[in-house]
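S.K.: Let me begin by handing over the structure; questions about it come next.
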Amino acid sequence: MNSIQSRLLLMLLLFIILPYFLSVLLIYGYTKNSVEKHELANSQEQIEESTEELQQYLNEMLNLPYILYRDTDLFHIFKNEVENSSYLEKNIKNFYLMRKEIRQVRFYMDKGRESITVYNAMVSARKSKPNFLKQLYIEQLYQSNVKHIIEPPHPLVNYNNAAIVPQSDHTKVITFHHKINNVFTEEFLGVISMDVELNKFAQITDDLMQEKEESVYLLNEHDQVIYSSETKLIGHPAPAALKVQLKQGEGENNDILLSKTLSAPLNEWKLVKITPSEVLFREVQQTAYTSIVVGLGVGVLGLIMISLITYKITSPIQQLTRKVRTIEGGYTEVPFDNRRHDEIGYLEKHMKEMMERINLHIDREYKLEIENKENQFRALKSQVNPHFLFNALQSIGAVALRSNASNVYQLVTSLSKMMRYSMQANEWVQVKEEMKYIESYLFLQKERFRNKIHYSVQISPKVLEINIPSMILQPLVENFFKHSYEEGFTDAQLTISGEINDGFLHFIVEDDGASLTDKELQELRNNIYTSTQKGAYGKEHIGLKNIHDRLVLNYGEKAGIKVDTNQEQDFVVEIFIPVENQIAE
């Protein structure tokens with residue numbers, strides 16, 4: 001994404017395509033929620049209406065046999081007090097014709113243990129039924145205190161094996177069994193069974209389904225399917241998955257499940273409607289898909305358009321970029337195009353002029369830098385250059401030998417070695433050579449102070465072969481005598497240590513004699529770290545600044561010295577030099 005073309009394409013994605021699809025997602029989500037709320041409210045209202053209609057219908061069917069209680073003559077026949085077959089047949093035929101959905105009616109009279117049926121408005125002959133009360137639902141009705149019981153849907157049964165019921169009729173019916181008792185004595189007289197077709201159930205429940213993928217279930221108190229849009233489930237126990245959904249109160253896969261419990265006397269029956277989510281949001285999803293397809297088309301066209309535009313814009317920029325990279329590689333004779341008169345041509349013209357100026361100044365700046373560095377080395381060397389002392393000491397040594405003053409000659413020889421070494425101020429030496437110089441210097445000081453000086457040298461053998469600039473440690477040792485012994489701190493201890501740590505060579509020179517106040521320490525630091533271009537060397541502590549500047553010149557900003565005190569007690573100087581691969585194996 002570093003090129004302008006890539007950025008333009010990214011801008012198209014971020015500011016056109018991405019907001020478009022985000023808006024589609026937001027609109028889809030909002031519409032989905034609105035549709036869900038609307039459909040949920042609509043379905044809830046519909047299931048309320050269907051439940052009331054279903055409740056009313058079932059109550060009508062359950063209360064229908066109570067009409068017979070008005071006919072006292074019919075009750076005399078039930079009690080076997082009067083035998084009038086024609087009257088009985090007439091009345092049960094009229095009862096059969098009261099509702100068109102009644103498929104078959106059976107009358108059982110307990111006094112004679114006989115039953116009579118009506119099918120297609122034709123009455124069968126009486127037939128003895130001694131085991132009638134042992135039938136499953138009849139026995140439940142007979143032994144309970146309820147007045148009626150509803151048998152789940154089942155194929156039509158020819159109760160009396162009458163010829164009026166064809167064998168081919170396997171219509172699925174629901175049976176209402178009604179117990180007939182003497183109103184005054186509560187004596188059991190018989191049972192009226194009505195086989196009712198499921199057309200009315202289908203009409204009520206089908207009104208709930210607006211899409212064919214929706215499902216409707218009417219369940220009784222035993223979770224048996226009284227009616228369902230899935231006809232194969234009618235009369236069977238409800239599927240286990242449906243029971244789980246009813247228990248959890250929600251459908252699978254975000255399907256909408258609505259359930260309504262009927263009121264008494266069917267207060268445990270439930271009307272259930274399940275609407276699949278894909279049906280509920282079909283139109284919303286279709287709209288979203290259409291918007292996405294349109295968005296993709298717009299995006300593709302936009303990409304083509306932006307690609308063409310950016311190619312025209314970025315092609316000269318890319319050519320200019322390649323020229324700049326060629327310059328970065330060190331080739332400064334890059335041909336620039338002067339024929340363009342737009343912004344790119346303006347840039348190429350000025351870049352050409354700039355490169356010409358750069359080429360003119362490169363040699364001069366490079367030579368000035370080299371000359372400046374040599375001048376700095378010469379200036380630093382002049383501060384510690386002891387040529388005249390070395391020549392004078394050679395003469396003094398010769399006189400001492402002629403005068404048989406061996407001690408004087410030894411001292412002059414040590415001092416001469418120091419002078420010879422100090423002439424290498426801008427040269428490189430090994431650490432062990434620097435330490436020999438320090439030993440010669442300390443030998444002279446021991447003679448001067450009659451062996452009363454106290455010092456300790458702890459240099460790790462690993463660092464002795466490492467090359468460092470000469471005359472790095474000597475000024476620090478000299479400061480010890482200048483600021484401690486010469487100022488009366490004759491019990492002071494000088495400690496010199498050197499080791500490798502984290503890729504750096506560390507020298508620490510510690511003086512426990514004279515020290516500095518915080519103010520003096522800060523002034524010293526300012527003097528050491530001030531660039532020579534910003535001011536002249538100070539007269540005090542010139543040796544410390546000399547060391548720091550030489551280290552920075554040779555190693556860069558990673559090298560240098562640090563000065564510190566221990567709560568205004570002692571004086572510590574640390575030299576740190578990056579050694580990289582110089583460590584002796």
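Numbering starts fresh at 1 for the residues of each chain in the structure tokens, the chains themselves are lettered A, B, ... in the order given, and ligands are numbered from 1 as they appear.
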DSSP says strand (DSSP E) for which residues of stretch 90-323 of chain A? Put them as a ChimeraX atom specification?

M.R.: /A:102-109,114-119,122-123,127-128,148-155,172-181,188-197,215-219,225-228,256-261,270-275

S.K.: Which residues come within 9 Å of A:Thr205, counting only C-alpha atoms, excluding same-chain residues fewer than 3 positions away, as a ChimeraX atom specification?

M.R.: /A:47,50,54,200-202,208-209,216-218,227-229,271

S.K.: Using only all heavy atoms, please write the residues we just selected to a file, as a compact mmCIF listing (two decimals), in the first residue's frame.

M.R.:
# COMPACT_ATOMS: atom_id res chain seq x y z
N ILE A 47 -52.90 -16.49 15.72
CA ILE A 47 -53.03 -17.69 16.53
C ILE A 47 -54.05 -17.48 17.66
O ILE A 47 -54.73 -18.42 18.09
CB ILE A 47 -51.65 -18.12 17.09
CG1 ILE A 47 -51.69 -19.61 17.48
CG2 ILE A 47 -51.23 -17.28 18.29
CD1 ILE A 47 -50.32 -20.17 17.80
N SER A 50 -57.36 -17.96 15.85
CA SER A 50 -57.56 -19.38 15.53
C SER A 50 -57.84 -20.19 16.79
O SER A 50 -58.66 -21.13 16.77
CB SER A 50 -56.33 -19.94 14.82
OG SER A 50 -56.10 -19.28 13.60
N LEU A 54 -61.12 -22.33 17.30
CA LEU A 54 -60.98 -23.75 17.58
C LEU A 54 -61.65 -24.11 18.90
O LEU A 54 -62.32 -25.15 19.02
CB LEU A 54 -59.49 -24.12 17.60
CG LEU A 54 -59.13 -25.60 17.66
CD1 LEU A 54 -59.68 -26.35 16.44
CD2 LEU A 54 -57.62 -25.78 17.74
N LYS A 200 -62.94 -29.25 9.47
CA LYS A 200 -63.02 -28.00 10.22
C LYS A 200 -61.67 -27.67 10.85
O LYS A 200 -61.23 -26.51 10.86
CB LYS A 200 -64.10 -28.10 11.29
CG LYS A 200 -64.37 -26.78 12.01
CD LYS A 200 -64.92 -25.73 11.06
CE LYS A 200 -65.29 -24.46 11.80
NZ LYS A 200 -65.82 -23.41 10.90
N PHE A 201 -60.98 -28.68 11.38
CA PHE A 201 -59.64 -28.47 11.94
C PHE A 201 -58.69 -27.96 10.86
O PHE A 201 -57.88 -27.05 11.08
CB PHE A 201 -59.09 -29.76 12.55
CG PHE A 201 -59.84 -30.22 13.76
CD1 PHE A 201 -60.88 -31.13 13.66
CD2 PHE A 201 -59.51 -29.74 15.01
CE1 PHE A 201 -61.55 -31.57 14.77
CE2 PHE A 201 -60.18 -30.17 16.14
CZ PHE A 201 -61.22 -31.10 16.02
N ALA A 202 -58.81 -28.57 9.67
CA ALA A 202 -57.96 -28.16 8.57
C ALA A 202 -58.23 -26.72 8.18
O ALA A 202 -57.30 -25.93 7.91
CB ALA A 202 -58.17 -29.09 7.37
N LEU A 208 -53.84 -20.27 9.41
CA LEU A 208 -52.64 -19.77 10.08
C LEU A 208 -51.43 -19.78 9.16
O LEU A 208 -50.47 -19.04 9.37
CB LEU A 208 -52.32 -20.62 11.33
CG LEU A 208 -53.13 -20.34 12.59
CD1 LEU A 208 -52.78 -21.35 13.65
CD2 LEU A 208 -52.86 -18.94 13.10
N MET A 209 -51.44 -20.66 8.17
CA MET A 209 -50.26 -20.83 7.32
C MET A 209 -50.35 -19.93 6.10
O MET A 209 -51.23 -20.09 5.26
CB MET A 209 -50.14 -22.30 6.89
CG MET A 209 -49.87 -23.25 8.04
SD MET A 209 -49.44 -24.91 7.46
CE MET A 209 -50.88 -25.33 6.51
N VAL A 216 -48.08 -26.18 11.38
CA VAL A 216 -49.07 -25.95 12.44
C VAL A 216 -49.39 -27.29 13.08
O VAL A 216 -49.56 -28.31 12.37
CB VAL A 216 -50.35 -25.28 11.89
CG1 VAL A 216 -51.38 -25.12 12.99
CG2 VAL A 216 -50.01 -23.94 11.27
N TYR A 217 -49.47 -27.30 14.41
CA TYR A 217 -49.76 -28.52 15.15
C TYR A 217 -50.83 -28.21 16.21
O TYR A 217 -50.77 -27.18 16.89
CB TYR A 217 -48.53 -29.07 15.87
CG TYR A 217 -47.34 -29.30 14.97
CD1 TYR A 217 -46.41 -28.28 14.76
CD2 TYR A 217 -47.14 -30.52 14.34
CE1 TYR A 217 -45.31 -28.47 13.94
CE2 TYR A 217 -46.04 -30.72 13.51
CZ TYR A 217 -45.13 -29.69 13.32
OH TYR A 217 -44.05 -29.90 12.52
N LEU A 218 -51.82 -29.15 16.33
CA LEU A 218 -52.77 -29.11 17.43
C LEU A 218 -52.52 -30.35 18.27
O LEU A 218 -52.68 -31.48 17.79
CB LEU A 218 -54.22 -29.09 16.91
CG LEU A 218 -55.30 -29.15 17.98
CD1 LEU A 218 -55.24 -27.93 18.90
CD2 LEU A 218 -56.69 -29.27 17.35
N TYR A 227 -54.21 -32.60 14.96
CA TYR A 227 -54.17 -32.19 13.55
C TYR A 227 -52.83 -31.51 13.30
O TYR A 227 -52.24 -30.88 14.20
CB TYR A 227 -55.32 -31.23 13.18
CG TYR A 227 -55.35 -30.94 11.70
CD1 TYR A 227 -55.89 -31.85 10.80
CD2 TYR A 227 -54.78 -29.77 11.19
CE1 TYR A 227 -55.87 -31.61 9.44
CE2 TYR A 227 -54.77 -29.52 9.83
CZ TYR A 227 -55.31 -30.45 8.96
OH TYR A 227 -55.28 -30.22 7.60
N SER A 228 -52.36 -31.62 12.06
CA SER A 228 -51.09 -31.00 11.69
C SER A 228 -51.07 -30.77 10.19
O SER A 228 -51.73 -31.47 9.42
CB SER A 228 -49.90 -31.90 12.09
OG SER A 228 -48.68 -31.40 11.56
N SER A 229 -50.30 -29.76 9.79
CA SER A 229 -50.10 -29.54 8.37
C SER A 229 -49.31 -30.70 7.75
O SER A 229 -49.37 -30.91 6.54
CB SER A 229 -49.34 -28.22 8.16
OG SER A 229 -48.13 -28.21 8.91
N LEU A 271 -52.09 -25.16 20.55
CA LEU A 271 -52.02 -24.87 19.13
C LEU A 271 -50.64 -24.24 18.88
O LEU A 271 -50.29 -23.22 19.49
CB LEU A 271 -53.12 -23.89 18.71
CG LEU A 271 -53.19 -23.54 17.22
CD1 LEU A 271 -53.41 -24.78 16.38
CD2 LEU A 271 -54.29 -22.51 16.96

S.K.: Between A:Glu433, A:Glu60, A:Asp73, A:Asp549, which residue has the minimum interatomic distance to A:Ile528, considering only C-alpha atoms?

M.R.: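 Among the listed residues, the smallest separation from A:Ile528 belongs to A:Asp549.
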
S.K.: Can you tell me, as a list in words, which residues in stretch 445-510 of chain A count as helix (DSSP H, G or I) by DSSP?

M.R.: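 Written out, the helix (DSSP H, G or I) residues of stretch 445-510 of chain A are Gln445, Lys446, Glu447, Arg448, Pro461, Lys462, Val463, Gln474, Pro475, Leu476, Val477, Glu478, Asn479, Phe480, Phe481, Lys482, His483, Ser484 and Tyr485 of chain A.
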
S.K.: Would you list the contacts of A:Glu520 as a VMD selection string, taking every protein, DNA or RNA residue within 12 Å and counting only C-alpha atoms, but skipping same-chain residues closer than 4 positions in sequence?

M.R.: chain A and resid 515 to 516 524 to 527 540 to 541 563 to 565 568 571

S.K.: For stretch 436-447 of chain A, find every residue with an atom within 7 Å (counting only C-alpha atoms), except residues of its own chain fewer than 6 positions away, and show them as a PyMOL selection string.

M.R.: chain A and resi 411+414+418+453+474

S.K.: Keeping all heavy atoms, export the residues of the selection given above as a short mmCIF file (atom, residue, chain, number, x, y, z; two decimals), in the first residue's frame.

M.R.:
data_model
loop_
_atom_site.label_atom_id
_atom_site.label_comp_id
_atom_site.auth_asym_id
_atom_site.auth_seq_id
_atom_site.Cartn_x
_atom_site.Cartn_y
_atom_site.Cartn_z
N LEU A 411 64.80 6.90 36.05
CA LEU A 411 63.62 7.76 36.05
C LEU A 411 63.45 8.46 34.70
O LEU A 411 62.36 8.57 34.15
CB LEU A 411 63.73 8.80 37.16
CG LEU A 411 63.62 8.25 38.59
CD1 LEU A 411 63.93 9.35 39.59
CD2 LEU A 411 62.23 7.69 38.83
N SER A 414 62.11 6.00 32.12
CA SER A 414 60.66 5.80 32.24
C SER A 414 59.91 6.97 31.66
O SER A 414 58.92 6.82 30.93
CB SER A 414 60.27 5.60 33.71
OG SER A 414 60.84 4.42 34.22
N MET A 418 57.41 7.29 28.33
CA MET A 418 56.09 7.93 28.36
C MET A 418 55.97 8.98 27.27
O MET A 418 54.94 9.08 26.59
CB MET A 418 55.86 8.58 29.72
CG MET A 418 55.68 7.59 30.87
SD MET A 418 55.50 8.45 32.43
CE MET A 418 54.10 9.47 32.10
N ILE A 453 52.02 6.03 47.53
CA ILE A 453 50.77 6.08 46.76
C ILE A 453 50.05 4.73 46.86
O ILE A 453 50.68 3.69 47.06
CB ILE A 453 51.03 6.43 45.29
CG1 ILE A 453 51.88 5.35 44.61
CG2 ILE A 453 51.69 7.81 45.18
CD1 ILE A 453 52.04 5.57 43.13
N GLN A 474 45.71 7.71 30.53
CA GLN A 474 46.74 8.49 31.21
C GLN A 474 46.19 9.78 31.82
O GLN A 474 46.52 10.10 32.97
CB GLN A 474 47.89 8.78 30.25
CG GLN A 474 49.09 9.50 30.89
CD GLN A 474 48.92 11.02 30.90
OE1 GLN A 474 48.11 11.55 30.13
NE2 GLN A 474 49.64 11.70 31.78
#

S.K.: Compile the contact shell of A:Ile577 as a JSON list (two decimals) with all heavy atoms, in the first residue's frame: residues with an atom at most 9 Å away, counting only C-alpha atoms, same-chain residues fewer than 6 positions apart removed.

M.R.:
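Saved result, out_27.json, follows:
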[["chain", "number", "residue", "atom", "x", "y", "z"],
["A", 468, "ILE", "N", 42.72, 0.26, 20.94],
["A", 468, "ILE", "CA", 42.04, 1.48, 21.36],
["A", 468, "ILE", "C", 42.92, 2.67, 20.98],
["A", 468, "ILE", "O", 44.12, 2.52, 20.73],
["A", 468, "ILE", "CB", 41.77, 1.49, 22.89],
["A", 468, "ILE", "CG1", 43.09, 1.41, 23.65],
["A", 468, "ILE", "CG2", 40.83, 0.37, 23.30],
["A", 468, "ILE", "CD1", 42.94, 1.58, 25.15],
["A", 503, "GLY", "N", 28.86, -6.12, 24.93],
["A", 503, "GLY", "CA", 29.41, -5.62, 23.68],
["A", 503, "GLY", "C", 30.18, -4.32, 23.82],
["A", 503, "GLY", "O", 30.52, -3.70, 22.80],
["A", 504, "PHE", "N", 30.46, -3.88, 25.05],
["A", 504, "PHE", "CA", 31.21, -2.65, 25.27],
["A", 504, "PHE", "C", 32.43, -2.95, 26.14],
["A", 504, "PHE", "O", 32.37, -3.78, 27.07],
["A", 504, "PHE", "CB", 30.35, -1.60, 25.97],
["A", 504, "PHE", "CG", 29.42, -0.87, 25.04],
["A", 504, "PHE", "CD1", 28.20, -1.42, 24.68],
["A", 504, "PHE", "CD2", 29.77, 0.37, 24.52],
["A", 504, "PHE", "CE1", 27.34, -0.76, 23.84],
["A", 504, "PHE", "CE2", 28.91, 1.05, 23.67],
["A", 504, "PHE", "CZ", 27.69, 0.48, 23.33],
["A", 505, "LEU", "N", 33.53, -2.25, 25.84],
["A", 505, "LEU", "CA", 34.71, -2.28, 26.70],
["A", 505, "LEU", "C", 34.57, -1.15, 27.71],
["A", 505, "LEU", "O", 34.46, 0.03, 27.34],
["A", 505, "LEU", "CB", 35.97, -2.08, 25.84],
["A", 505, "LEU", "CG", 37.28, -1.84, 26.60],
["A", 505, "LEU", "CD1", 37.57, -2.99, 27.54],
["A", 505, "LEU", "CD2", 38.43, -1.62, 25.63],
["A", 506, "HIS", "N", 34.54, -1.51, 28.99],
["A", 506, "HIS", "CA", 34.34, -0.55, 30.07],
["A", 506, "HIS", "C", 35.64, -0.40, 30.86],
["A", 506, "HIS", "O", 36.19, -1.40, 31.37],
["A", 506, "HIS", "CB", 33.23, -1.00, 31.01],
["A", 506, "HIS", "CG", 31.87, -0.93, 30.40],
["A", 506, "HIS", "ND1", 31.04, 0.17, 30.53],
["A", 506, "HIS", "CD2", 31.19, -1.82, 29.65],
["A", 506, "HIS", "CE1", 29.91, -0.05, 29.89],
["A", 506, "HIS", "NE2", 29.98, -1.26, 29.34],
["A", 507, "PHE", "N", 36.15, 0.84, 30.95],
["A", 507, "PHE", "CA", 37.23, 1.20, 31.87],
["A", 507, "PHE", "C", 36.63, 2.07, 32.97],
["A", 507, "PHE", "O", 35.90, 3.03, 32.66],
["A", 507, "PHE", "CB", 38.34, 1.97, 31.16],
["A", 507, "PHE", "CG", 39.17, 1.13, 30.24],
["A", 507, "PHE", "CD1", 39.12, 1.29, 28.88],
["A", 507, "PHE", "CD2", 40.02, 0.15, 30.76],
["A", 507, "PHE", "CE1", 39.88, 0.53, 28.02],
["A", 507, "PHE", "CE2", 40.80, -0.62, 29.90],
["A", 507, "PHE", "CZ", 40.73, -0.45, 28.55],
["A", 551, "LEU", "N", 37.11, 9.74, 21.49],
["A", 551, "LEU", "CA", 36.27, 8.53, 21.41],
["A", 551, "LEU", "C", 35.10, 8.73, 20.44],
["A", 551, "LEU", "O", 34.78, 7.84, 19.65],
["A", 551, "LEU", "CB", 35.75, 8.15, 22.80],
["A", 551, "LEU", "CG", 36.79, 7.65, 23.79],
["A", 551, "LEU", "CD1", 36.17, 7.46, 25.17],
["A", 551, "LEU", "CD2", 37.40, 6.33, 23.32],
["A", 555, "TYR", "N", 34.62, 6.41, 17.29],
["A", 555, "TYR", "CA", 33.59, 5.37, 17.43],
["A", 555, "TYR", "C", 32.17, 5.87, 17.19],
["A", 555, "TYR", "O", 31.24, 5.07, 17.11],
["A", 555, "TYR", "CB", 33.64, 4.75, 18.84],
["A", 555, "TYR", "CG", 34.92, 4.00, 19.13],
["A", 555, "TYR", "CD1", 35.94, 4.57, 19.87],
["A", 555, "TYR", "CD2", 35.09, 2.70, 18.66],
["A", 555, "TYR", "CE1", 37.11, 3.88, 20.16],
["A", 555, "TYR", "CE2", 36.26, 1.99, 18.94],
["A", 555, "TYR", "CZ", 37.26, 2.59, 19.69],
["A", 555, "TYR", "OH", 38.39, 1.88, 19.95],
["A", 558, "LYS", "N", 28.11, 6.26, 20.18],
["A", 558, "LYS", "CA", 27.97, 5.15, 21.12],
["A", 558, "LYS", "C", 29.08, 5.14, 22.17],
["A", 558, "LYS", "O", 28.93, 4.54, 23.23],
["A", 558, "LYS", "CB", 27.98, 3.81, 20.38],
["A", 558, "LYS", "CG", 26.77, 3.58, 19.51],
["A", 558, "LYS", "CD", 26.82, 2.21, 18.88],
["A", 558, "LYS", "CE", 25.58, 1.95, 18.04],
["A", 558, "LYS", "NZ", 25.62, 0.60, 17.42],
["A", 559, "ALA", "N", 30.21, 5.77, 21.86],
["A", 559, "ALA", "CA", 31.35, 5.79, 22.78],
["A", 559, "ALA", "C", 31.40, 7.11, 23.53],
["A", 559, "ALA", "O", 30.73, 8.08, 23.19],
["A", 559, "ALA", "CB", 32.63, 5.56, 22.00],
["A", 560, "GLY", "N", 32.23, 7.14, 24.59],
["A", 560, "GLY", "CA", 32.41, 8.38, 25.35],
["A", 560, "GLY", "C", 32.79, 8.08, 26.78],
["A", 560, "GLY", "O", 33.23, 6.97, 27.12],
["A", 561, "ILE", "N", 32.64, 9.10, 27.64],
["A", 561, "ILE", "CA", 32.93, 8.91, 29.07],
["A", 561, "ILE", "C", 31.75, 9.42, 29.87],
["A", 561, "ILE", "O", 30.95, 10.24, 29.41],
["A", 561, "ILE", "CB", 34.23, 9.65, 29.48],
["A", 561, "ILE", "CG1", 34.02, 11.17, 29.41],
["A", 561, "ILE", "CG2", 35.41, 9.21, 28.64],
["A", 561, "ILE", "CD1", 35.19, 11.94, 29.99]]

S.K.: Find the residues near stretch 124-141 of chain A: any atom within 6 Å, counting only C-alpha atoms, skip ones fewer than 6 places away on the same chain, and give them as a PDB file with all heavy atoms, in the first residue's frame.

M.R.:
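Printed below is around24.pdb as written:
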ATOM      1  N   ARG A 113     -77.149 -53.553  26.761  1.00  0.00           N
ATOM      2  CA  ARG A 113     -75.806 -53.809  26.234  1.00  0.00           C
ATOM      3  C   ARG A 113     -75.838 -53.892  24.698  1.00  0.00           C
ATOM      4  O   ARG A 113     -75.230 -54.758  24.088  1.00  0.00           O
ATOM      5  CB  ARG A 113     -75.211 -55.093  26.806  1.00  0.00           C
ATOM      6  CG  ARG A 113     -75.122 -55.122  28.328  1.00  0.00           C
ATOM      7  CD  ARG A 113     -74.073 -54.134  28.831  1.00  0.00           C
ATOM      8  NE  ARG A 113     -74.012 -54.065  30.279  1.00  0.00           N
ATOM      9  CZ  ARG A 113     -73.242 -54.863  31.027  1.00  0.00           C
ATOM     10  NH1 ARG A 113     -72.469 -55.761  30.444  1.00  0.00           N
ATOM     11  NH2 ARG A 113     -73.249 -54.735  32.339  1.00  0.00           N
ATOM     12  N   GLU A 114     -76.568 -52.917  24.103  1.00  0.00           N
ATOM     13  CA  GLU A 114     -76.720 -52.904  22.654  1.00  0.00           C
ATOM     14  C   GLU A 114     -76.251 -51.550  22.109  1.00  0.00           C
ATOM     15  O   GLU A 114     -76.261 -50.540  22.811  1.00  0.00           O
ATOM     16  CB  GLU A 114     -78.182 -53.119  22.252  1.00  0.00           C
ATOM     17  CG  GLU A 114     -78.716 -54.487  22.608  1.00  0.00           C
ATOM     18  CD  GLU A 114     -80.181 -54.630  22.266  1.00  0.00           C
ATOM     19  OE1 GLU A 114     -80.893 -53.589  22.293  1.00  0.00           O
ATOM     20  OE2 GLU A 114     -80.595 -55.743  21.950  1.00  0.00           O
ATOM     21  N   SER A 115     -75.845 -51.577  20.838  1.00  0.00           N
ATOM     22  CA  SER A 115     -75.462 -50.321  20.173  1.00  0.00           C
ATOM     23  C   SER A 115     -76.121 -50.269  18.811  1.00  0.00           C
ATOM     24  O   SER A 115     -76.444 -51.301  18.215  1.00  0.00           O
ATOM     25  CB  SER A 115     -73.943 -50.226  20.029  1.00  0.00           C
ATOM     26  OG  SER A 115     -73.481 -51.143  19.061  1.00  0.00           O
ATOM     27  N   ILE A 116     -76.284 -49.049  18.350  1.00  0.00           N
ATOM     28  CA  ILE A 116     -76.874 -48.798  17.050  1.00  0.00           C
ATOM     29  C   ILE A 116     -76.086 -47.656  16.403  1.00  0.00           C
ATOM     30  O   ILE A 116     -75.660 -46.724  17.091  1.00  0.00           O
ATOM     31  CB  ILE A 116     -78.380 -48.453  17.171  1.00  0.00           C
ATOM     32  CG1 ILE A 116     -79.001 -48.338  15.768  1.00  0.00           C
ATOM     33  CG2 ILE A 116     -78.599 -47.202  17.993  1.00  0.00           C
ATOM     34  CD1 ILE A 116     -80.525 -48.190  15.835  1.00  0.00           C
ATOM     35  N   THR A 117     -75.817 -47.735  15.122  1.00  0.00           N
ATOM     36  CA  THR A 117     -74.991 -46.724  14.453  1.00  0.00           C
ATOM     37  C   THR A 117     -75.751 -46.085  13.316  1.00  0.00           C
ATOM     38  O   THR A 117     -76.692 -46.654  12.770  1.00  0.00           O
ATOM     39  CB  THR A 117     -73.700 -47.347  13.892  1.00  0.00           C
ATOM     40  OG1 THR A 117     -74.045 -48.355  12.935  1.00  0.00           O
ATOM     41  CG2 THR A 117     -72.856 -47.955  15.001  1.00  0.00           C
TER      42      THR A 117
END
